[in-house]
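Q: Here it is, the structure, as structure tokens.
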Amino acid sequence: MNLSDLTSINELSPDAVAEVLDLALRLKKEQKAGKEHPILKGKTLAMVFEKPSLRTRVTFEVGMQQMGGYALYLGPSDIQLGVRESVADVARNLSRWVDGIMARTFSHKTVADLAEYAEVPVINGLSDLEHPCQALADFLTIHERKGDLRGITLAYIGDGNNVANSLMLLAARVGTSFVVACPSGYEPDQSLWQSAKVTGETTGSRLLRVEDPREAVREADVIYTDVWVSMGQEEETDRRTRDFQPYQVNSELLRHAKPDAIVMHCLPAHRGLEITDDVLDGPQSVVLDQAENRLHAQKAVMGLLMG
Ligand code: CP
Ligand code: NVA
């Protein structure tokens, strides 16, 4: 695979996406069968976090261990990216010691700058613009549940945030149609929308925005939601909680969807806000498969970038 970093889904060709998903499935199968795969033996990953995490931290660390490598956690107070020293200097130093960098940052520019100045692969573990590893794990989950990704429809309900942006870009690459239901002012990133539209024309993926969540879910095979207030937006909590009230994923909304539609959420969920308990814990929910698949998808990404 001709790829040096994964900061955006836009860096993956449709062939590269297929390669990641294939390897993820193989590694998942091997791990379940107890077959070891030390493909990153002796390699080290630096994990740089400006924000909290459960899934990303655990899955990258466990993933490195399962591939024979080692992961080093660097929390918000350790490095202080751009405060104690510049992002470029951090990238240059880390490149002398480790074989890869995973970074969770506030500004997307920080992870992009790390990628520019590092001599080792940089993987985006969530920025304010994208969450590419989440989207790869999610499409692995959708593939396991629905088979062919081409020709199906994902309805994203709520905030057009980092998770929505990466799902939209990936949907366009694999031929899945993407319908977003969001209030005005909360649409996915405009320039990523345009690039997803262009990609979608080559794969048959349609891209649509509606205001009414019931209209979005009607034909959907997958219903996806995420928090209304992302990390770093806490001061907007009151306004956002008001604006997103009609966008809750609940059993009333599911009545307008196909009975075999699956429900997804990247977690952590704010139960009773963007999604109700009965839906999150209900028979259509696949949220724990998504969480598990973070491990397998990221092992594939690391294996291909750092192997
Ligand atoms: N979905 C996800 O990225 O979870 P964490 O914030 O816990 O890593
Ligand atoms: N959109 C959320 C995703 C958390 C995994 C956030 O950025 O906080």
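Each chain in the structure tokens gets a letter, A, B and so on, in the order shown; residues start at 1 in every chain, and ligands are counted from 1 in the order they appear.
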So that I can check the surroundings of Val174 (chain A), please list as number ranges by chain every protein, DNA and RNA residue that reaches within 12 Å of it, counting only C-alpha atoms and ignoring chain neighbours fewer than 2 positions away.
A: A: 9, 12-18, 21, 135-136, 139-140, 142-143, 148-154, 167-172, 176-178, 196, 199-206
Q: Output the selection as a short mmCIF file (atom, residue, chain, number, x, y, z; two decimals), in the first residue's frame - N, CA and C atoms for each residue.
A:
data_model
loop_
_atom_site.label_atom_id
_atom_site.label_comp_id
_atom_site.auth_asym_id
_atom_site.auth_seq_id
_atom_site.Cartn_x
_atom_site.Cartn_y
_atom_site.Cartn_z
N ILE A 9 -9.43 10.21 5.86
CA ILE A 9 -9.90 9.14 4.97
C ILE A 9 -9.57 9.50 3.51
N LEU A 12 -6.87 7.64 1.60
CA LEU A 12 -7.03 6.23 1.22
C LEU A 12 -7.74 6.12 -0.13
N SER A 13 -7.12 5.39 -1.05
CA SER A 13 -7.83 5.09 -2.30
C SER A 13 -8.85 3.99 -1.99
N PRO A 14 -9.85 3.80 -2.87
CA PRO A 14 -10.78 2.68 -2.64
C PRO A 14 -10.04 1.34 -2.50
N ASP A 15 -8.95 1.14 -3.26
CA ASP A 15 -8.18 -0.11 -3.14
C ASP A 15 -7.53 -0.22 -1.77
N ALA A 16 -7.02 0.91 -1.26
CA ALA A 16 -6.38 0.89 0.06
C ALA A 16 -7.40 0.57 1.15
N VAL A 17 -8.62 1.09 1.00
CA VAL A 17 -9.69 0.77 1.97
C VAL A 17 -9.93 -0.74 1.97
N ALA A 18 -10.02 -1.32 0.78
CA ALA A 18 -10.26 -2.77 0.68
C ALA A 18 -9.12 -3.54 1.34
N LEU A 21 -9.50 -3.33 5.16
CA LEU A 21 -10.61 -4.15 5.66
C LEU A 21 -10.29 -5.65 5.54
N ALA A 135 -14.14 5.37 11.49
CA ALA A 135 -14.90 5.07 10.26
C ALA A 135 -14.48 3.71 9.69
N LEU A 136 -13.19 3.39 9.73
CA LEU A 136 -12.74 2.09 9.20
C LEU A 136 -13.32 0.94 10.03
N PHE A 139 -17.08 0.60 9.16
CA PHE A 139 -17.40 -0.06 7.88
C PHE A 139 -17.03 -1.54 7.92
N LEU A 140 -16.05 -1.90 8.74
CA LEU A 140 -15.79 -3.33 8.96
C LEU A 140 -17.03 -3.97 9.61
N ILE A 142 -20.14 -2.83 9.50
CA ILE A 142 -21.27 -2.83 8.54
C ILE A 142 -21.10 -3.99 7.56
N HIS A 143 -19.87 -4.20 7.10
CA HIS A 143 -19.61 -5.31 6.18
C HIS A 143 -19.98 -6.65 6.83
N ASP A 148 -22.19 -6.83 1.28
CA ASP A 148 -21.70 -5.85 0.31
C ASP A 148 -21.98 -4.41 0.77
N LEU A 149 -20.94 -3.58 0.76
CA LEU A 149 -21.11 -2.19 1.18
C LEU A 149 -21.70 -1.33 0.07
N ARG A 150 -21.52 -1.78 -1.15
CA ARG A 150 -21.99 -1.02 -2.31
C ARG A 150 -23.52 -1.11 -2.39
N GLY A 151 -24.17 0.03 -2.56
CA GLY A 151 -25.62 0.02 -2.78
C GLY A 151 -26.45 0.12 -1.51
N ILE A 152 -25.82 0.08 -0.33
CA ILE A 152 -26.60 0.25 0.89
C ILE A 152 -26.58 1.74 1.29
N THR A 153 -27.41 2.09 2.31
CA THR A 153 -27.53 3.49 2.72
C THR A 153 -27.30 3.64 4.22
N LEU A 154 -26.45 4.61 4.56
CA LEU A 154 -26.20 4.95 5.96
C LEU A 154 -26.86 6.30 6.23
N LEU A 167 -17.02 9.21 8.20
CA LEU A 167 -17.98 8.22 7.67
C LEU A 167 -18.41 8.59 6.26
N MET A 168 -18.66 9.88 6.06
CA MET A 168 -19.11 10.37 4.74
C MET A 168 -18.05 10.11 3.67
N LEU A 169 -16.79 10.41 4.01
CA LEU A 169 -15.70 10.20 3.03
C LEU A 169 -15.52 8.71 2.74
N LEU A 170 -15.67 7.89 3.76
CA LEU A 170 -15.46 6.45 3.55
C LEU A 170 -16.65 5.84 2.80
N ALA A 171 -17.85 6.29 3.13
CA ALA A 171 -19.05 5.82 2.42
C ALA A 171 -18.87 6.06 0.92
N ALA A 172 -18.40 7.26 0.58
CA ALA A 172 -18.22 7.61 -0.84
C ALA A 172 -17.23 6.67 -1.53
N THR A 176 -21.29 3.23 -0.58
CA THR A 176 -22.46 3.31 0.33
C THR A 176 -23.03 4.72 0.24
N SER A 177 -24.36 4.84 0.12
CA SER A 177 -24.96 6.17 0.10
C SER A 177 -25.03 6.73 1.51
N PHE A 178 -24.90 8.06 1.63
CA PHE A 178 -24.81 8.72 2.93
C PHE A 178 -25.86 9.82 2.99
N ALA A 196 -16.29 14.27 -1.09
CA ALA A 196 -17.05 13.00 -1.02
C ALA A 196 -17.99 12.90 -2.22
N THR A 199 -15.93 11.82 -5.24
CA THR A 199 -15.59 10.39 -5.14
C THR A 199 -16.83 9.53 -5.36
N GLY A 200 -17.94 9.95 -4.78
CA GLY A 200 -19.17 9.17 -4.86
C GLY A 200 -19.65 8.98 -6.29
N GLU A 201 -19.36 9.95 -7.13
CA GLU A 201 -19.78 9.82 -8.54
C GLU A 201 -19.08 8.65 -9.23
N THR A 202 -17.90 8.28 -8.73
CA THR A 202 -17.18 7.16 -9.35
C THR A 202 -17.60 5.81 -8.78
N THR A 203 -18.26 5.80 -7.62
CA THR A 203 -18.59 4.52 -6.97
C THR A 203 -20.10 4.28 -6.89
N GLY A 204 -20.89 5.30 -7.28
CA GLY A 204 -22.35 5.15 -7.19
C GLY A 204 -22.90 5.48 -5.81
N SER A 205 -22.09 6.12 -4.95
CA SER A 205 -22.56 6.52 -3.63
C SER A 205 -23.27 7.87 -3.72
N ARG A 206 -24.51 7.95 -3.23
CA ARG A 206 -25.24 9.22 -3.23
C ARG A 206 -25.01 9.93 -1.91
#
Q: Can you check which residues of region 142-253 of chain A DSSP gives as alpha helix (DSSP H) on the backbone and send them as a VMD selection string?
A: chain A and resid 142 to 146 162 to 174 190 to 203 213 to 217 237 to 243 251 to 253
Q: Just list as a PyMOL selection string whatever in region 134-214 of chain A DSSP marks as strand (DSSP E).
A: chain A and resi 153-157+177-181+207-210
Q: Within 12 Å of ligand 2, counting only C-alpha atoms and all ligand atoms: which residues, as a VMD selection string?
A: chain A and resid 50 to 57 104 to 108 125 to 135 158 to 167 188 225 to 234 265 to 270 274 290 to 291 294
Q: Limited to C-alpha atoms, could you put the picked residues into a file as a PDB file, in the first residue's frame?
A:
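This went into part-v4.pdb:
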ATOM      1  CA  GLU A  50      -4.576  15.988  23.989  1.00  0.00           C
ATOM      2  CA  LYS A  51      -8.053  14.700  24.947  1.00  0.00           C
ATOM      3  CA  PRO A  52      -9.394  11.794  27.044  1.00  0.00           C
ATOM      4  CA  SER A  53     -10.084   8.335  25.571  1.00  0.00           C
ATOM      5  CA  LEU A  54     -11.144   4.810  26.482  1.00  0.00           C
ATOM      6  CA  ARG A  55     -11.503   2.917  23.198  1.00  0.00           C
ATOM      7  CA  THR A  56      -8.714   4.585  21.214  1.00  0.00           C
ATOM      8  CA  ARG A  57      -6.144   4.282  23.953  1.00  0.00           C
ATOM      9  CA  ARG A 104      -5.592  12.613  19.260  1.00  0.00           C
ATOM     10  CA  THR A 105      -5.634  16.384  18.934  1.00  0.00           C
ATOM     11  CA  PHE A 106      -7.974  19.346  19.282  1.00  0.00           C
ATOM     12  CA  SER A 107      -7.054  21.073  16.015  1.00  0.00           C
ATOM     13  CA  HIS A 108      -6.745  18.969  12.858  1.00  0.00           C
ATOM     14  CA  GLY A 125      -6.774   9.048  16.552  1.00  0.00           C
ATOM     15  CA  LEU A 126      -9.410  11.828  16.331  1.00  0.00           C
ATOM     16  CA  SER A 127      -9.123  15.525  15.568  1.00  0.00           C
ATOM     17  CA  ASP A 128     -11.797  18.222  15.409  1.00  0.00           C
ATOM     18  CA  LEU A 129     -12.204  17.434  11.685  1.00  0.00           C
ATOM     19  CA  GLU A 130     -11.944  13.639  11.355  1.00  0.00           C
ATOM     20  CA  HIS A 131     -11.928  10.269  13.103  1.00  0.00           C
ATOM     21  CA  PRO A 132     -10.656   7.969  10.329  1.00  0.00           C
ATOM     22  CA  CYS A 133      -9.938   4.895  12.503  1.00  0.00           C
ATOM     23  CA  GLN A 134     -13.492   5.014  13.799  1.00  0.00           C
ATOM     24  CA  ALA A 135     -14.896   5.067  10.265  1.00  0.00           C
ATOM     25  CA  GLY A 158     -27.325  14.675  14.497  1.00  0.00           C
ATOM     26  CA  ASP A 159     -24.136  16.714  14.452  1.00  0.00           C
ATOM     27  CA  GLY A 160     -22.089  16.860  11.229  1.00  0.00           C
ATOM     28  CA  ASN A 161     -18.913  16.408  13.273  1.00  0.00           C
ATOM     29  CA  ASN A 162     -15.521  14.654  12.965  1.00  0.00           C
ATOM     30  CA  VAL A 163     -17.136  11.196  13.004  1.00  0.00           C
ATOM     31  CA  ALA A 164     -19.723  12.226  10.389  1.00  0.00           C
ATOM     32  CA  ASN A 165     -16.994  13.668   8.150  1.00  0.00           C
ATOM     33  CA  SER A 166     -14.925  10.473   8.130  1.00  0.00           C
ATOM     34  CA  LEU A 167     -17.982   8.221   7.673  1.00  0.00           C
ATOM     35  CA  PRO A 188     -20.562  18.175   7.782  1.00  0.00           C
ATOM     36  CA  THR A 225     -25.553   8.902  15.709  1.00  0.00           C
ATOM     37  CA  ASP A 226     -22.895  10.549  17.864  1.00  0.00           C
ATOM     38  CA  VAL A 227     -22.794  13.049  20.728  1.00  0.00           C
ATOM     39  CA  TRP A 228     -24.249  16.538  20.221  1.00  0.00           C
ATOM     40  CA  VAL A 229     -21.321  18.138  22.085  1.00  0.00           C
ATOM     41  CA  SER A 230     -17.879  16.929  21.031  1.00  0.00           C
ATOM     42  CA  MET A 231     -14.753  17.237  23.138  1.00  0.00           C
ATOM     43  CA  GLY A 232     -13.655  20.870  23.038  1.00  0.00           C
ATOM     44  CA  GLN A 233     -17.196  22.257  22.474  1.00  0.00           C
ATOM     45  CA  GLU A 234     -18.307  22.160  26.107  1.00  0.00           C
ATOM     46  CA  HIS A 265     -22.775   4.933  17.798  1.00  0.00           C
ATOM     47  CA  CYS A 266     -19.024   5.420  18.127  1.00  0.00           C
ATOM     48  CA  LEU A 267     -19.312   5.798  21.954  1.00  0.00           C
ATOM     49  CA  PRO A 268     -19.071   7.261  24.502  1.00  0.00           C
ATOM     50  CA  ALA A 269     -22.865   7.817  24.375  1.00  0.00           C
ATOM     51  CA  HIS A 270     -24.828  10.357  26.313  1.00  0.00           C
ATOM     52  CA  GLU A 274     -28.693  11.705  21.287  1.00  0.00           C
ATOM     53  CA  GLN A 290     -17.936  -1.280  16.590  1.00  0.00           C
ATOM     54  CA  ALA A 291     -15.874  -0.857  19.745  1.00  0.00           C
ATOM     55  CA  ARG A 294     -11.507  -0.560  16.539  1.00  0.00           C
TER      56      ARG A 294
END
Q: So which residues touch region 71-81 of chain A within 12 Å, counting only C-alpha atoms, skipping near sequence neighbours fewer than 3 positions away, as a PyMOL selection string?
A: chain A and resi 40-53+56-68+84-91+93-94+97-107+109-111+113-114+302
Q: If you keep N, CA and C atoms, can you produce a file of those selected residues as a short mmCIF file (atom, residue, chain, number, x, y, z; two decimals), in the first residue's frame?
A:
data_model
loop_
_atom_site.label_atom_id
_atom_site.label_comp_id
_atom_site.auth_asym_id
_atom_site.auth_seq_id
_atom_site.Cartn_x
_atom_site.Cartn_y
_atom_site.Cartn_z
N LEU A 40 4.54 -6.69 13.96
CA LEU A 40 5.25 -5.45 14.34
C LEU A 40 6.21 -5.73 15.50
N LYS A 41 6.85 -6.90 15.44
CA LYS A 41 7.77 -7.31 16.51
C LYS A 41 8.87 -6.26 16.71
N GLY A 42 9.03 -5.83 17.96
CA GLY A 42 10.09 -4.89 18.29
C GLY A 42 9.81 -3.45 17.90
N LYS A 43 8.62 -3.17 17.36
CA LYS A 43 8.30 -1.79 16.94
C LYS A 43 7.58 -1.06 18.07
N THR A 44 7.74 0.26 18.08
CA THR A 44 7.12 1.08 19.13
C THR A 44 6.21 2.15 18.53
N LEU A 45 5.05 2.32 19.16
CA LEU A 45 4.10 3.37 18.78
C LEU A 45 4.01 4.39 19.91
N ALA A 46 4.18 5.67 19.59
CA ALA A 46 3.92 6.72 20.58
C ALA A 46 2.47 7.15 20.43
N MET A 47 1.74 7.16 21.54
CA MET A 47 0.33 7.57 21.51
C MET A 47 0.21 8.92 22.21
N VAL A 48 -0.07 9.95 21.42
CA VAL A 48 -0.11 11.32 21.93
C VAL A 48 -1.57 11.73 22.11
N PHE A 49 -1.97 12.05 23.32
CA PHE A 49 -3.37 12.41 23.59
C PHE A 49 -3.49 13.82 24.15
N GLU A 50 -4.21 14.68 23.43
CA GLU A 50 -4.58 15.99 23.99
C GLU A 50 -5.95 15.94 24.66
N LYS A 51 -6.69 14.83 24.42
CA LYS A 51 -8.05 14.70 24.95
C LYS A 51 -8.18 13.32 25.60
N PRO A 52 -9.21 13.11 26.43
CA PRO A 52 -9.39 11.79 27.04
C PRO A 52 -9.80 10.72 26.04
N SER A 53 -9.72 9.45 26.45
CA SER A 53 -10.08 8.34 25.57
C SER A 53 -10.20 7.05 26.37
N THR A 56 -9.88 4.35 22.06
CA THR A 56 -8.71 4.58 21.21
C THR A 56 -7.43 4.19 21.94
N ARG A 57 -7.35 4.59 23.19
CA ARG A 57 -6.14 4.28 23.95
C ARG A 57 -5.97 2.77 24.12
N VAL A 58 -7.05 2.11 24.55
CA VAL A 58 -6.94 0.67 24.84
C VAL A 58 -6.68 -0.12 23.55
N THR A 59 -7.38 0.21 22.48
CA THR A 59 -7.26 -0.61 21.26
C THR A 59 -5.90 -0.42 20.57
N PHE A 60 -5.37 0.79 20.58
CA PHE A 60 -4.03 0.96 19.99
C PHE A 60 -2.98 0.23 20.84
N GLU A 61 -3.12 0.35 22.16
CA GLU A 61 -2.11 -0.26 23.04
C GLU A 61 -2.18 -1.80 22.97
N VAL A 62 -3.40 -2.33 23.08
CA VAL A 62 -3.56 -3.79 23.01
C VAL A 62 -3.18 -4.30 21.62
N GLY A 63 -3.54 -3.53 20.60
CA GLY A 63 -3.22 -3.92 19.22
C GLY A 63 -1.72 -4.04 19.01
N MET A 64 -0.97 -3.05 19.51
CA MET A 64 0.50 -3.13 19.36
C MET A 64 1.04 -4.36 20.09
N GLN A 65 0.52 -4.61 21.27
CA GLN A 65 0.99 -5.76 22.05
C GLN A 65 0.70 -7.06 21.29
N GLN A 66 -0.50 -7.17 20.71
CA GLN A 66 -0.86 -8.41 19.99
C GLN A 66 0.01 -8.61 18.74
N MET A 67 0.59 -7.53 18.22
CA MET A 67 1.43 -7.66 17.03
C MET A 67 2.92 -7.70 17.39
N GLY A 68 3.21 -7.88 18.68
CA GLY A 68 4.60 -8.05 19.10
C GLY A 68 5.33 -6.75 19.36
N ARG A 84 5.03 23.58 25.18
CA ARG A 84 6.39 23.37 25.72
C ARG A 84 7.42 23.43 24.60
N GLU A 85 7.06 22.81 23.46
CA GLU A 85 7.87 22.98 22.24
C GLU A 85 6.96 22.82 21.03
N SER A 86 7.45 23.19 19.86
CA SER A 86 6.58 23.23 18.68
C SER A 86 6.20 21.82 18.26
N VAL A 87 5.08 21.74 17.53
CA VAL A 87 4.62 20.44 17.01
C VAL A 87 5.70 19.83 16.11
N ALA A 88 6.34 20.67 15.32
CA ALA A 88 7.39 20.17 14.41
C ALA A 88 8.55 19.56 15.19
N ASP A 89 8.95 20.21 16.28
CA ASP A 89 10.07 19.67 17.07
C ASP A 89 9.68 18.37 17.78
N VAL A 90 8.44 18.29 18.25
CA VAL A 90 7.97 17.04 18.86
C VAL A 90 8.03 15.92 17.81
N ALA A 91 7.55 16.23 16.60
CA ALA A 91 7.52 15.22 15.52
C ALA A 91 8.93 14.76 15.18
N ASN A 93 11.65 14.85 17.09
CA ASN A 93 12.23 14.07 18.19
C ASN A 93 11.66 12.67 18.23
N LEU A 94 10.32 12.58 18.22
CA LEU A 94 9.68 11.26 18.32
C LEU A 94 10.17 10.35 17.20
N TRP A 97 12.97 7.98 17.92
CA TRP A 97 12.83 6.93 18.93
C TRP A 97 11.79 5.88 18.60
N VAL A 98 10.75 6.26 17.88
CA VAL A 98 9.61 5.33 17.70
C VAL A 98 9.38 5.06 16.22
N ASP A 99 8.54 4.06 15.95
CA ASP A 99 8.29 3.64 14.56
C ASP A 99 6.96 4.15 14.02
N GLY A 100 6.17 4.77 14.90
CA GLY A 100 4.88 5.32 14.46
C GLY A 100 4.33 6.21 15.55
N ILE A 101 3.45 7.15 15.15
CA ILE A 101 2.83 8.07 16.11
C ILE A 101 1.33 8.03 15.88
N MET A 102 0.58 7.83 16.95
CA MET A 102 -0.87 8.01 16.90
C MET A 102 -1.17 9.27 17.69
N ALA A 103 -1.99 10.16 17.16
CA ALA A 103 -2.26 11.40 17.88
C ALA A 103 -3.74 11.73 17.91
N ARG A 104 -4.23 12.09 19.09
CA ARG A 104 -5.59 12.61 19.26
C ARG A 104 -5.44 14.07 19.63
N THR A 105 -5.91 14.96 18.76
CA THR A 105 -5.63 16.38 18.93
C THR A 105 -6.92 17.22 18.91
N PHE A 106 -6.84 18.42 19.43
CA PHE A 106 -7.97 19.35 19.28
C PHE A 106 -8.02 19.78 17.82
N SER A 107 -7.04 20.55 17.38
CA SER A 107 -7.05 21.07 16.02
C SER A 107 -6.54 20.01 15.02
N LYS A 109 -5.08 20.67 12.39
CA LYS A 109 -3.78 21.16 11.92
C LYS A 109 -2.63 20.53 12.73
N THR A 110 -2.87 20.26 14.00
CA THR A 110 -1.82 19.66 14.83
C THR A 110 -1.44 18.28 14.31
N VAL A 111 -2.45 17.45 14.01
CA VAL A 111 -2.11 16.10 13.53
C VAL A 111 -1.54 16.18 12.10
N ASP A 113 0.28 18.68 10.98
CA ASP A 113 1.67 19.15 11.14
C ASP A 113 2.57 18.02 11.65
N LEU A 114 2.06 17.20 12.55
CA LEU A 114 2.86 16.04 13.01
C LEU A 114 3.23 15.19 11.80
N MET A 302 -2.01 -0.13 11.33
CA MET A 302 -0.62 -0.10 11.82
C MET A 302 0.24 -1.11 11.08
#
Q: When you draw a straight line from CA of Gly185 (chain A) to CA of Asp243 (chain A), how long is it in Å?
A: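 Straight-line distance from CA of Gly185 (chain A) to CA of Asp243 (chain A) works out to 9.9 Å.
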Q: Would you mind reading off the distance between CA of Val217 (chain A) and atom 2 (C, counted along the ligand's line) of ligand 1, one decimal, in Å?
A: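 One can read the CA of Val217 (chain A) to atom 2 (C, counted along the ligand's line) of ligand 1 distance as 23.6 Å.
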Q: Of the candidates A:Val179, A:Val287, A:Leu254, A:Ile39, which one gets nearest to ligand 1 if we count only C-alpha atoms and all ligand atoms?
A: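 Selected residue with least distance to ligand 1: A:Val287.
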